[in-house]
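Quick look at my_file.pdb (PDB, C-alpha atoms):
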ATOM      1  CA  MET A   1    -130.064 -37.420  -6.405
ATOM      2  CA  LEU A   2    -131.229 -36.051  -9.762
ATOM      3  CA  GLU A   3    -132.629 -32.980  -7.960
ATOM      4  CA  ILE A   4    -129.189 -32.203  -6.499
ATOM      5  CA  VAL A   5    -127.603 -32.485  -9.957
ATOM      6  CA  PHE A   6    -130.157 -30.092 -11.479
ATOM      7  CA  LEU A   7    -129.903 -27.581  -8.605
ATOM      8  CA  THR A   8    -126.114 -27.597  -8.915
ATOM      9  CA  LEU A   9    -126.455 -27.042 -12.677
ATOM     10  CA  ILE A  10    -128.921 -24.151 -12.182
ATOM     11  CA  ILE A  11    -126.614 -22.331  -9.785
ATOM     12  CA  ALA A  12    -123.214 -23.298 -11.251
ATOM     13  CA  ALA A  13    -124.063 -23.131 -14.969
ATOM     14  CA  GLY A  14    -126.311 -20.056 -14.587
ATOM     15  CA  THR A  15    -123.816 -18.054 -12.562
ATOM     16  CA  GLY A  16    -120.850 -19.461 -14.506
ATOM     17  CA  GLY A  17    -122.501 -18.447 -17.772
ATOM     18  CA  GLU A  18    -123.095 -14.887 -16.582
ATOM     19  CA  LEU A  19    -119.501 -14.683 -15.322
ATOM     20  CA  CYS A  20    -118.254 -15.818 -18.772
ATOM     21  CA  VAL A  21    -120.395 -13.165 -20.502
ATOM     22  CA  SER A  22    -119.067 -10.587 -18.039
ATOM     23  CA  HIS A  23    -115.480 -11.705 -18.758
ATOM     24  CA  ALA A  24    -116.117 -11.382 -22.515
ATOM     25  CA  MET A  25    -117.532  -7.868 -22.068
ATOM     26  CA  LYS A  26    -114.574  -6.741 -19.948
ATOM     27  CA  ALA A  27    -112.280  -8.004 -22.743
ATOM     28  CA  LEU A  28    -114.113  -5.745 -25.226
ATOM     29  CA  GLY A  29    -113.589  -2.675 -23.049
ATOM     30  CA  GLU A  30    -115.872   0.142 -21.905
ATOM     31  CA  VAL A  31    -118.414   1.362 -24.461
ATOM     32  CA  HIS A  32    -118.714   5.154 -24.882
ATOM     33  CA  ASP A  33    -120.622   5.405 -28.171
ATOM     34  CA  PHE A  34    -124.322   4.484 -27.903
ATOM     35  CA  ARG A  35    -125.431   5.326 -31.452
ATOM     36  CA  PRO A  36    -127.295   2.442 -33.201
ATOM     37  CA  THR A  37    -124.484   1.750 -35.730
ATOM     38  CA  ALA A  38    -121.886   1.685 -32.938
ATOM     39  CA  LEU A  39    -124.110  -0.670 -30.913
ATOM     40  CA  GLY A  40    -124.432  -2.940 -33.971
ATOM     41  CA  ARG A  41    -120.629  -3.056 -34.283
ATOM     42  CA  PHE A  42    -120.377  -3.770 -30.539
ATOM     43  CA  VAL A  43    -122.752  -6.763 -30.803
ATOM     44  CA  TRP A  44    -120.797  -8.049 -33.827
ATOM     45  CA  ARG A  45    -117.488  -7.794 -31.916
ATOM     46  CA  ALA A  46    -119.084  -9.506 -28.879
ATOM     47  CA  ALA A  47    -120.287 -12.403 -31.050
ATOM     48  CA  ARG A  48    -116.670 -13.083 -32.025
ATOM     49  CA  VAL A  49    -115.477 -13.563 -28.424
ATOM     50  CA  GLY A  50    -115.293 -17.227 -27.391
ATOM     51  CA  TRP A  51    -116.184 -16.558 -23.745
ATOM     52  CA  MET A  52    -119.486 -15.057 -24.914
ATOM     53  CA  TRP A  53    -120.591 -18.336 -26.540
ATOM     54  CA  ILE A  54    -119.376 -20.436 -23.608
ATOM     55  CA  GLY A  55    -121.476 -18.153 -21.364
ATOM     56  CA  VAL A  56    -124.597 -18.361 -23.541
ATOM     57  CA  GLY A  57    -124.202 -22.168 -23.709
ATOM     58  CA  MET A  58    -123.952 -22.448 -19.916
ATOM     59  CA  MET A  59    -126.960 -20.147 -19.424
ATOM     60  CA  THR A  60    -128.947 -22.382 -21.801
ATOM     61  CA  VAL A  61    -128.010 -25.474 -19.747
ATOM     62  CA  ALA A  62    -129.112 -23.637 -16.563
ATOM     63  CA  PHE A  63    -132.436 -22.664 -18.152
ATOM     64  CA  PHE A  64    -133.325 -26.225 -19.154
ATOM     65  CA  SER A  65    -132.174 -27.519 -15.754
ATOM     66  CA  LEU A  66    -134.574 -25.036 -14.133
ATOM     67  CA  LEU A  67    -137.414 -26.313 -16.316
ATOM     68  CA  ALA A  68    -136.532 -29.927 -15.405
ATOM     69  CA  MET A  69    -136.305 -29.054 -11.695
ATOM     70  CA  LEU A  70    -139.681 -27.291 -11.763
ATOM     71  CA  SER A  71    -141.235 -30.463 -13.188
ATOM     72  CA  MET A  72    -139.996 -32.408 -10.122
ATOM     73  CA  GLU A  73    -140.251 -30.016  -7.173
ATOM     74  CA  ASN A  74    -142.502 -27.201  -5.992
ATOM     75  CA  VAL A  75    -141.556 -23.731  -7.117
ATOM     76  CA  SER A  76    -141.615 -22.635  -3.444
ATOM     77  CA  PHE A  77    -138.662 -24.949  -2.880
ATOM     78  CA  VAL A  78    -136.768 -24.466  -6.157
ATOM     79  CA  VAL A  79    -136.588 -20.719  -6.459
ATOM     80  CA  PRO A  80    -135.543 -19.776  -2.903
ATOM     81  CA  VAL A  81    -132.663 -22.207  -3.369
ATOM     82  CA  THR A  82    -131.775 -20.632  -6.708
ATOM     83  CA  ALA A  83    -131.534 -17.259  -4.922
ATOM     84  CA  LEU A  84    -128.204 -18.689  -3.767
ATOM     85  CA  SER A  85    -126.961 -17.735  -7.243
ATOM     86  CA  TYR A  86    -126.662 -14.127  -6.001
ATOM     87  CA  ALA A  87    -124.175 -15.275  -3.358
ATOM     88  CA  ALA A  88    -122.470 -17.634  -5.841
ATOM     89  CA  GLY A  89    -122.231 -14.714  -8.293
ATOM     90  CA  ALA A  90    -120.439 -12.537  -5.745
ATOM     91  CA  ILE A  91    -118.002 -15.359  -4.874
ATOM     92  CA  GLY A  92    -117.399 -16.090  -8.581
ATOM     93  CA  ALA A  93    -116.857 -12.384  -9.323
ATOM     94  CA  ALA A  94    -114.240 -12.172  -6.571
ATOM     95  CA  LEU A  95    -112.409 -15.351  -7.646
ATOM     96  CA  PHE A  96    -112.826 -15.382 -11.433
ATOM     97  CA  LEU A  97    -113.120 -11.678 -12.321
ATOM     98  CA  ARG A  98    -110.915 -10.380  -9.455
ATOM     99  CA  GLU A  99    -113.579  -7.875  -8.343
ATOM    100  CA  LYS A 100    -113.071  -6.330  -4.921
ATOM    101  CA  ILE A 101    -116.289  -6.890  -3.007
ATOM    102  CA  SER A 102    -116.676  -4.618   0.000
ATOM    103  CA  LYS A 103    -118.559  -5.583   3.172
ATOM    104  CA  GLN A 104    -121.316  -3.191   2.100
ATOM    105  CA  ARG A 105    -121.762  -4.993  -1.229
ATOM    106  CA  TRP A 106    -121.788  -8.402   0.511
ATOM    107  CA  LEU A 107    -124.508  -7.127   2.836
ATOM    108  CA  GLY A 108    -126.533  -5.874  -0.140
ATOM    109  CA  VAL A 109    -126.179  -9.243  -1.932
ATOM    110  CA  LEU A 110    -127.402 -11.118   1.150
ATOM    111  CA  VAL A 111    -130.371  -8.743   1.578
ATOM    112  CA  VAL A 112    -131.291  -9.259  -2.115
ATOM    113  CA  CYS A 113    -131.086 -13.078  -1.597
ATOM    114  CA  LEU A 114    -133.510 -12.750   1.311
ATOM    115  CA  GLY A 115    -135.895 -10.532  -0.670
ATOM    116  CA  VAL A 116    -135.926 -12.843  -3.718
ATOM    117  CA  THR A 117    -136.718 -15.768  -1.404
ATOM    118  CA  LEU A 118    -139.677 -13.869   0.110
ATOM    119  CA  VAL A 119    -141.018 -12.928  -3.341
ATOM    120  CA  TRP A 120    -140.924 -16.532  -4.546
ATOM    121  CA  LEU A 121    -142.440 -17.857  -1.347
ATOM    122  CA  SER A 122    -145.390 -15.539  -2.007
ATOM    123  CA  ARG A 123    -146.243 -17.326  -5.268
ATOM    124  CA  ARG A 124    -148.539 -19.823  -3.579
TER     125      ARG A 124
ATOM    126  CA  MET B 125    -115.109  12.894  -9.616
ATOM    127  CA  LYS B 126    -116.807  13.979 -12.831
ATOM    128  CA  ASP B 127    -115.884  10.606 -14.400
ATOM    129  CA  SER B 128    -117.324   8.805 -11.357
ATOM    130  CA  ARG B 129    -120.590  10.772 -11.578
ATOM    131  CA  GLY B 130    -120.877  10.033 -15.312
ATOM    132  CA  LEU B 131    -120.143   6.369 -14.675
ATOM    133  CA  HIS B 132    -122.861   6.183 -12.011
ATOM    134  CA  PHE B 133    -125.344   7.978 -14.283
ATOM    135  CA  LYS B 134    -124.946   5.706 -17.326
ATOM    136  CA  THR B 135    -124.883   2.635 -15.058
ATOM    137  CA  TYR B 136    -128.194   3.631 -13.407
ATOM    138  CA  ILE B 137    -129.791   4.340 -16.812
ATOM    139  CA  LEU B 138    -128.820   0.927 -18.198
ATOM    140  CA  LEU B 139    -129.847  -0.866 -14.980
ATOM    141  CA  LEU B 140    -133.286   0.765 -15.246
ATOM    142  CA  PHE B 141    -133.391  -0.394 -18.884
ATOM    143  CA  ILE B 142    -132.532  -3.955 -17.778
ATOM    144  CA  ALA B 143    -135.012  -3.924 -14.894
ATOM    145  CA  PHE B 144    -137.795  -2.730 -17.213
ATOM    146  CA  PHE B 145    -137.229  -4.632 -20.475
ATOM    147  CA  ALA B 146    -136.474  -8.098 -19.008
ATOM    148  CA  PRO B 147    -139.813  -8.443 -17.154
ATOM    149  CA  LEU B 148    -141.737  -6.649 -19.924
ATOM    150  CA  GLY B 149    -140.314  -9.116 -22.469
ATOM    151  CA  ASN B 150    -141.329 -12.056 -20.287
ATOM    152  CA  VAL B 151    -144.852 -10.670 -19.744
ATOM    153  CA  LEU B 152    -145.330 -10.086 -23.499
ATOM    154  CA  LEU B 153    -143.997 -13.558 -24.402
ATOM    155  CA  SER B 154    -146.264 -15.110 -21.795
ATOM    156  CA  LYS B 155    -149.292 -13.181 -23.132
ATOM    157  CA  GLY B 156    -148.449 -14.189 -26.710
ATOM    158  CA  MET B 157    -147.925 -17.872 -25.883
ATOM    159  CA  ARG B 158    -151.180 -18.045 -23.883
ATOM    160  CA  ALA B 159    -153.058 -16.653 -26.883
ATOM    161  CA  VAL B 160    -151.430 -19.274 -29.131
ATOM    162  CA  GLY B 161    -152.480 -22.066 -26.767
ATOM    163  CA  SER B 162    -150.861 -25.428 -26.074
ATOM    164  CA  ALA B 163    -150.275 -28.141 -28.683
ATOM    165  CA  GLN B 164    -153.163 -30.633 -28.892
ATOM    166  CA  ASP B 165    -151.060 -33.291 -30.562
ATOM    167  CA  TRP B 166    -147.334 -33.650 -31.090
ATOM    168  CA  ALA B 167    -147.543 -34.711 -34.730
ATOM    169  CA  PRO B 168    -145.258 -32.681 -37.069
ATOM    170  CA  GLN B 169    -148.273 -31.060 -38.756
ATOM    171  CA  GLY B 170    -149.708 -29.915 -35.397
ATOM    172  CA  LEU B 171    -146.367 -28.533 -34.270
ATOM    173  CA  PHE B 172    -145.956 -26.734 -37.603
ATOM    174  CA  HIS B 173    -149.350 -25.016 -37.110
ATOM    175  CA  ILE B 174    -148.344 -23.965 -33.589
ATOM    176  CA  LEU B 175    -145.044 -22.594 -34.923
ATOM    177  CA  ILE B 176    -146.872 -20.562 -37.593
ATOM    178  CA  ARG B 177    -149.246 -19.153 -34.943
ATOM    179  CA  ILE B 178    -146.285 -18.221 -32.718
ATOM    180  CA  LEU B 179    -144.561 -16.449 -35.626
ATOM    181  CA  MET B 180    -147.802 -14.563 -36.429
ATOM    182  CA  SER B 181    -148.159 -13.280 -32.852
ATOM    183  CA  GLY B 182    -147.335  -9.604 -32.401
ATOM    184  CA  TYR B 183    -146.909 -10.085 -28.651
ATOM    185  CA  VAL B 184    -144.261 -12.780 -29.211
ATOM    186  CA  TRP B 185    -142.251 -10.505 -31.536
ATOM    187  CA  LEU B 186    -142.575  -7.566 -29.124
ATOM    188  CA  GLY B 187    -141.444  -9.850 -26.285
ATOM    189  CA  ILE B 188    -138.433 -11.029 -28.289
ATOM    190  CA  ALA B 189    -137.550  -7.402 -29.139
ATOM    191  CA  CYS B 190    -137.730  -6.442 -25.437
ATOM    192  CA  LEU B 191    -135.550  -9.404 -24.424
ATOM    193  CA  LEU B 192    -133.004  -8.529 -27.126
ATOM    194  CA  ALA B 193    -132.940  -4.918 -25.870
ATOM    195  CA  PHE B 194    -132.462  -6.247 -22.331
ATOM    196  CA  PHE B 195    -129.539  -8.486 -23.341
ATOM    197  CA  VAL B 196    -127.737  -5.728 -25.274
ATOM    198  CA  ALA B 197    -128.130  -3.381 -22.276
ATOM    199  CA  TYR B 198    -126.849  -6.164 -19.986
ATOM    200  CA  MET B 199    -123.798  -6.684 -22.235
ATOM    201  CA  LEU B 200    -123.135  -2.939 -22.429
ATOM    202  CA  VAL B 201    -123.242  -2.311 -18.676
ATOM    203  CA  LEU B 202    -120.908  -5.260 -18.073
ATOM    204  CA  THR B 203    -118.235  -3.629 -20.249
ATOM    205  CA  TRP B 204    -117.520  -1.226 -17.387
ATOM    206  CA  ALA B 205    -119.464  -2.244 -14.262
ATOM    207  CA  ASP B 206    -118.688  -5.150 -11.915
ATOM    208  CA  TYR B 207    -120.756  -8.310 -12.304
ATOM    209  CA  SER B 208    -121.118  -8.383  -8.499
ATOM    210  CA  TYR B 209    -122.731  -4.920  -8.811
ATOM    211  CA  VAL B 210    -124.970  -5.558 -11.849
ATOM    212  CA  GLN B 211    -126.362  -8.956 -10.757
ATOM    213  CA  PRO B 212    -127.948  -7.896  -7.438
ATOM    214  CA  ALA B 213    -128.912  -4.454  -8.770
ATOM    215  CA  SER B 214    -130.870  -6.018 -11.643
ATOM    216  CA  ALA B 215    -133.009  -7.852  -9.055
ATOM    217  CA  PHE B 216    -134.931  -4.548  -9.009
ATOM    218  CA  SER B 217    -136.865  -6.139 -11.898
ATOM    219  CA  TYR B 218    -138.886  -8.062  -9.268
ATOM    220  CA  ALA B 219    -140.371  -4.725  -8.181
ATOM    221  CA  VAL B 220    -141.081  -3.778 -11.823
ATOM    222  CA  VAL B 221    -142.862  -7.123 -12.372
ATOM    223  CA  ALA B 222    -145.139  -6.488  -9.386
ATOM    224  CA  VAL B 223    -145.959  -2.944 -10.521
ATOM    225  CA  LEU B 224    -146.570  -4.082 -14.150
ATOM    226  CA  GLY B 225    -148.743  -6.922 -12.882
ATOM    227  CA  LEU B 226    -150.719  -4.593 -10.629
ATOM    228  CA  PHE B 227    -151.345  -1.776 -13.104
ATOM    229  CA  LEU B 228    -151.335  -3.515 -16.516
ATOM    230  CA  LEU B 229    -152.798  -6.932 -15.712
ATOM    231  CA  GLY B 230    -154.783  -6.112 -12.570
ATOM    232  CA  GLU B 231    -153.040  -8.855 -10.576
ATOM    233  CA  ARG B 232    -153.256  -8.894  -6.800
ATOM    234  CA  VAL B 233    -149.928  -8.561  -4.992
ATOM    235  CA  ASN B 234    -149.998 -10.033  -1.484
ATOM    236  CA  LEU B 235    -148.302  -8.681   1.622
ATOM    237  CA  LEU B 236    -145.496 -11.272   1.599
ATOM    238  CA  ARG B 237    -144.571 -10.305  -1.971
ATOM    239  CA  TRP B 238    -144.590  -6.575  -1.151
ATOM    240  CA  SER B 239    -142.363  -7.367   1.850
ATOM    241  CA  GLY B 240    -139.940  -9.253  -0.428
ATOM    242  CA  ILE B 241    -139.948  -6.368  -2.914
ATOM    243  CA  VAL B 242    -139.183  -3.832  -0.179
ATOM    244  CA  VAL B 243    -136.316  -6.063   1.065
ATOM    245  CA  ILE B 244    -134.948  -6.378  -2.524
ATOM    246  CA  CYS B 245    -135.150  -2.595  -3.032
ATOM    247  CA  PHE B 246    -133.268  -2.124   0.234
ATOM    248  CA  GLY B 247    -130.597  -4.619  -0.919
ATOM    249  CA  VAL B 248    -130.335  -2.872  -4.310
ATOM    250  CA  PHE B 249    -130.042   0.473  -2.489
ATOM    251  CA  ILE B 250    -127.134  -0.902  -0.416
ATOM    252  CA  VAL B 251    -125.354  -2.347  -3.498
ATOM    253  CA  GLY B 252    -126.104   0.836  -5.468
ATOM    254  CA  HIS B 253    -124.142   2.878  -2.945
ATOM    255  CA  THR B 254    -120.924   0.967  -3.692
ATOM    256  CA  HIS B 255    -118.735   1.957  -6.652
ATOM    257  CA  PRO B 256    -119.852   0.180  -9.861
ATOM    258  CA  ARG B 257    -116.265  -0.630 -10.879
ATOM    259  CA  THR B 258    -113.584  -2.111  -8.616
ATOM    260  CA  THR B 259    -111.352  -3.577 -11.336
ATOM    261  CA  GLU B 260    -108.942  -1.649 -13.557
ATOM    262  CA  LYS B 261    -110.373   0.142 -16.595
ATOM    263  CA  ARG B 262    -109.373  -1.444 -19.958
TER     264      ARG B 262
END
Take the structure in the file and give it back as structure tokens.
Amino acid sequence: MLEIVFLTLIIAAGTGGELCVSHAMKALGEVHDFRPTALGRFVWRAARVGWMWIGVGMMTVAFFSLLAMLSMENVSFVVPVTALSYAAGAIGAALFLREKISKQRWLGVLVVCLGVTLVWLSRR
Amino acid sequence: MKDSRGLHFKTYILLLFIAFFAPLGNVLLSKGMRAVGSAQDWAPQGLFHILIRILMSGYVWLGIACLLAFFVAYMLVLTWADYSYVQPASAFSYAVVAVLGLFLLGERVNLLRWSGIVVICFGVFIVGHTHPRTTEKR
């Protein structure tokens, strides 16, 4: 039961956190100036967006859930399952960020999920 | 068209930055923490000594700098590119990890891992041929 809770947290909080950071960045608008002082100002503006901190908090929860999960289950089980976050990310982007995901992008996401699973299965 | 080409170019540059600095940061942190060693006892004095050794490690600071560079690049690219584009495309870092491991650390990469890396690169190639931005520009 605890494993299911942690896996859900890894996928939901990890992907949710990245979606929140993405939402915060879209609110700031496209960056055109890449000089160090402009980048410093950009980071300062980003730190004042609430979604950014919600995202970082959720990503922190996901990270510690991953550590907890790895202490209970084999990595060959945990990480292929966490590759589902690529699919969850695409679904979240469509629903939460209103991105239009073409069939080609869906196919690419699924192929990446498969590849990540193979890489992690090769660890042992 | 020119705008689209420019958008693709800066997106690819930052994705390469992300794919390189995230694994490099992790490798450097790992190297630094292994040199520091694990805590022998959990008494405050022991933990304080470990903390001092971590803060004195050049590898740890380099790793933190790389991870900071990665996160700023990640934030920057998300100001214009779709999350559903950036997330799978940044999985290219798995290939960078294998190459870094092979050439810098002399690690052996087995056939299953190379197969996974080729599949990831193919997936990234497919995603990379979609337009980075499908939402309205702010």
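Minimum atom-to-atom distances from A:Ile11, A:Val49, A:Ala90, A:Ile4 to chain B were compared using all atoms listed in the file, and the lowest value belongs to A:Ala90.
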All residues 10 Å or closer to Ser102 of chain A, only C-alpha atoms, same chain fewer than 4 positions away omitted, as a list of chain:residue names: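 Residues meeting the cut-off are A:Trp106, A:Leu107, A:Gly108, B:Val251, B:Thr254, B:His255, B:Thr258.
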Quick one: apply the PyMOL selection byres ((chain B and resi 139) around 10) to the file and drop the selected residues here as a ChimeraX atom specification. /B:133-138,140-145,194,197-198,201,210-211,213-217
Restricted to C-alpha atoms, what would the selected residues look like written as an mmCIF file, in the coordinates of the input?
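File produced: out.cif:
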data_model
loop_
_atom_site.group_PDB
_atom_site.id
_atom_site.type_symbol
_atom_site.label_atom_id
_atom_site.label_comp_id
_atom_site.auth_asym_id
_atom_site.auth_seq_id
_atom_site.Cartn_x
_atom_site.Cartn_y
_atom_site.Cartn_z
ATOM 1 C CA PHE B 133 -125.344 7.978 -14.283
ATOM 2 C CA LYS B 134 -124.946 5.706 -17.326
ATOM 3 C CA THR B 135 -124.883 2.635 -15.058
ATOM 4 C CA TYR B 136 -128.194 3.631 -13.407
ATOM 5 C CA ILE B 137 -129.791 4.340 -16.812
ATOM 6 C CA LEU B 138 -128.820 0.927 -18.198
ATOM 7 C CA LEU B 140 -133.286 0.765 -15.246
ATOM 8 C CA PHE B 141 -133.391 -0.394 -18.884
ATOM 9 C CA ILE B 142 -132.532 -3.955 -17.778
ATOM 10 C CA ALA B 143 -135.012 -3.924 -14.894
ATOM 11 C CA PHE B 144 -137.795 -2.730 -17.213
ATOM 12 C CA PHE B 145 -137.229 -4.632 -20.475
ATOM 13 C CA PHE B 194 -132.462 -6.247 -22.331
ATOM 14 C CA ALA B 197 -128.130 -3.381 -22.276
ATOM 15 C CA TYR B 198 -126.849 -6.164 -19.986
ATOM 16 C CA VAL B 201 -123.242 -2.311 -18.676
ATOM 17 C CA VAL B 210 -124.970 -5.558 -11.849
ATOM 18 C CA GLN B 211 -126.362 -8.956 -10.757
ATOM 19 C CA ALA B 213 -128.912 -4.454 -8.770
ATOM 20 C CA SER B 214 -130.870 -6.018 -11.643
ATOM 21 C CA ALA B 215 -133.009 -7.852 -9.055
ATOM 22 C CA PHE B 216 -134.931 -4.548 -9.009
ATOM 23 C CA SER B 217 -136.865 -6.139 -11.898
#
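Ranking A:Val5, A:Cys20, A:Ile54, A:Val61 by their shortest atom-to-atom distance to chain B, with all atoms listed in the file included, puts A:Cys20 first.
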Residue with the minimum atom-to-atom distance to chain A, picked from B:Gly182, B:Gly187, B:Pro256, B:Pro212 with all atoms listed in the file counted, is B:Pro212
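In this structure, atom CA of Ser22 of chain A sits 12.6 Å away from atom CA of Arg257 of chain B.
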Contact table chain B vs chain A, cut-off 9 Å, shortest pair per residue, all atoms listed in the file, as CSV:
residue,atom,partner,partner_atom,distance
B:Val196,CA,A:Val43,CA,7.5
B:Met199,CA,A:Met25,CA,6.4
B:Leu200,CA,A:Val31,CA,6.7
B:Val201,CA,A:Val31,CA,8.4
B:Leu202,CA,A:Ser22,CA,5.6
B:Thr203,CA,A:Met25,CA,4.7
B:Trp204,CA,A:Glu30,CA,5.0
B:Ala205,CA,A:Lys26,CA,8.7
B:Asp206,CA,A:Glu99,CA,6.8
B:Tyr207,CA,A:Ala93,CA,6.4
B:Ser208,CA,A:Ala90,CA,5.0
B:Tyr209,CA,A:Arg105,CA,7.6
B:Gln211,CA,A:Tyr86,CA,7.0
B:Pro212,CA,A:Val109,CA,5.9
B:Ala213,CA,A:Val112,CA,8.5
B:Ala215,CA,A:Val112,CA,7.3
B:Tyr218,CA,A:Val116,CA,7.9
B:Val233,CA,A:Ser122,CA,8.8
B:Asn234,CA,A:Ser122,CA,7.2
B:Leu235,CA,A:Ser122,CA,8.3
B:Leu236,CA,A:Ser122,CA,5.6
B:Arg237,CA,A:Val119,CA,4.6
B:Trp238,CA,A:Val119,CA,7.6
B:Ser239,CA,A:Leu118,CA,7.2
B:Gly240,CA,A:Gly115,CA,4.2
B:Ile241,CA,A:Gly115,CA,6.2
B:Val242,CA,A:Gly115,CA,7.5
B:Val243,CA,A:Gly115,CA,4.8
B:Ile244,CA,A:Gly115,CA,4.6
B:Cys245,CA,A:Val112,CA,7.8
B:Phe246,CA,A:Val111,CA,7.3
B:Gly247,CA,A:Gly108,CA,4.3
B:Val248,CA,A:Gly108,CA,6.4
B:Phe249,CA,A:Gly108,CA,7.6
B:Ile250,CA,A:Gly108,CA,5.0
B:Val251,CA,A:Arg105,CA,5.0
B:Gly252,CA,A:Arg105,CA,8.4
B:His253,CA,A:Gln104,CA,8.4
B:Thr254,CA,A:Arg105,CA,6.5
B:Arg257,CA,A:Glu99,CA,8.1
B:Thr258,CA,A:Lys100,CA,5.6
B:Thr259,CA,A:Glu99,CA,5.7
B:Lys261,CA,A:Glu30,CA,7.6
B:Arg262,CA,A:Gly29,CA,5.4
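The neighbours of Met180 of chain B here are the residues that come within 12 Å of it, using all atoms listed in the file and leaving out any residue fewer than 5 positions away in the same chain; they are B:Gly156, B:Met157, B:Ala159, B:Val160, B:His173, B:Ile174, B:Leu175, B:Trp185, B:Leu186.
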First collect every listed atom of segment 186-193 of chain B; then fit an axis-aligned box around them, widen it by 6 Å on each side, and give centre and edge lengths in Å to one decimal, as AutoDock Vina command-line options.
--center_x -137.8 --center_y -8.0 --center_z -26.8 --size_x 21.6 --size_y 18.1 --size_z 16.7
Please report the interatomic distance between atom CA of Phe77 of chain A and atom CA of Ala146 of chain B in Å with one decimal. 23.4 Å
Taken to one decimal, the atom CA of Gly225 of chain B-atom CA of Pro147 of chain B distance is 10.0 Å
Which polymer residues have any atom within 8 Å of an atom of Ala68 of chain A, counting all atoms listed in the file, with same-chain residues fewer than 4 positions away left out, as a list in words?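 Listed by chain and then number, they are Phe6, Phe64 and Met72 of chain A.
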Which residue out of B:Cys190, B:Ile178, B:Ala222, B:Leu171 has the minimum interatomic distance to Leu148 of chain B when all atoms listed in the file are used? B:Cys190
Ranking A:Val56, A:Leu95, A:Val81, A:Leu70 by minimum distance to Gly17 of chain A and counting all atoms listed in the file, which one comes first? A:Val56
Using all atoms listed in the file, which residue out of A:Val78, A:Ala83, A:Gly57, A:Met69 lies closest to Gly16 of chain A?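 Ranking A:Val78, A:Ala83, A:Gly57, A:Met69 by distance to Gly16 of chain A, first place goes to A:Gly57.
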Which neighbours of Gly14 of chain A fall inside 9 Å, counting only C-alpha atoms, when residues of the same chain fewer than 6 positions from it are skipped, and could you give them as a list in words? Gly55, Met58, Met59, Thr60, Val61, Ala62, Phe63 and Ser85 of chain A
Would you mind exporting C-alpha atoms of the selected residues as a compact mmCIF listing (two decimals), in the coordinates of the input?
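Result saved to again.txt:
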# COMPACT_ATOMS: atom_id res chain seq x y z
CA GLY A 55 -121.48 -18.15 -21.36
CA MET A 58 -123.95 -22.45 -19.92
CA MET A 59 -126.96 -20.15 -19.42
CA THR A 60 -128.95 -22.38 -21.80
CA VAL A 61 -128.01 -25.47 -19.75
CA ALA A 62 -129.11 -23.64 -16.56
CA PHE A 63 -132.44 -22.66 -18.15
CA SER A 85 -126.96 -17.74 -7.24
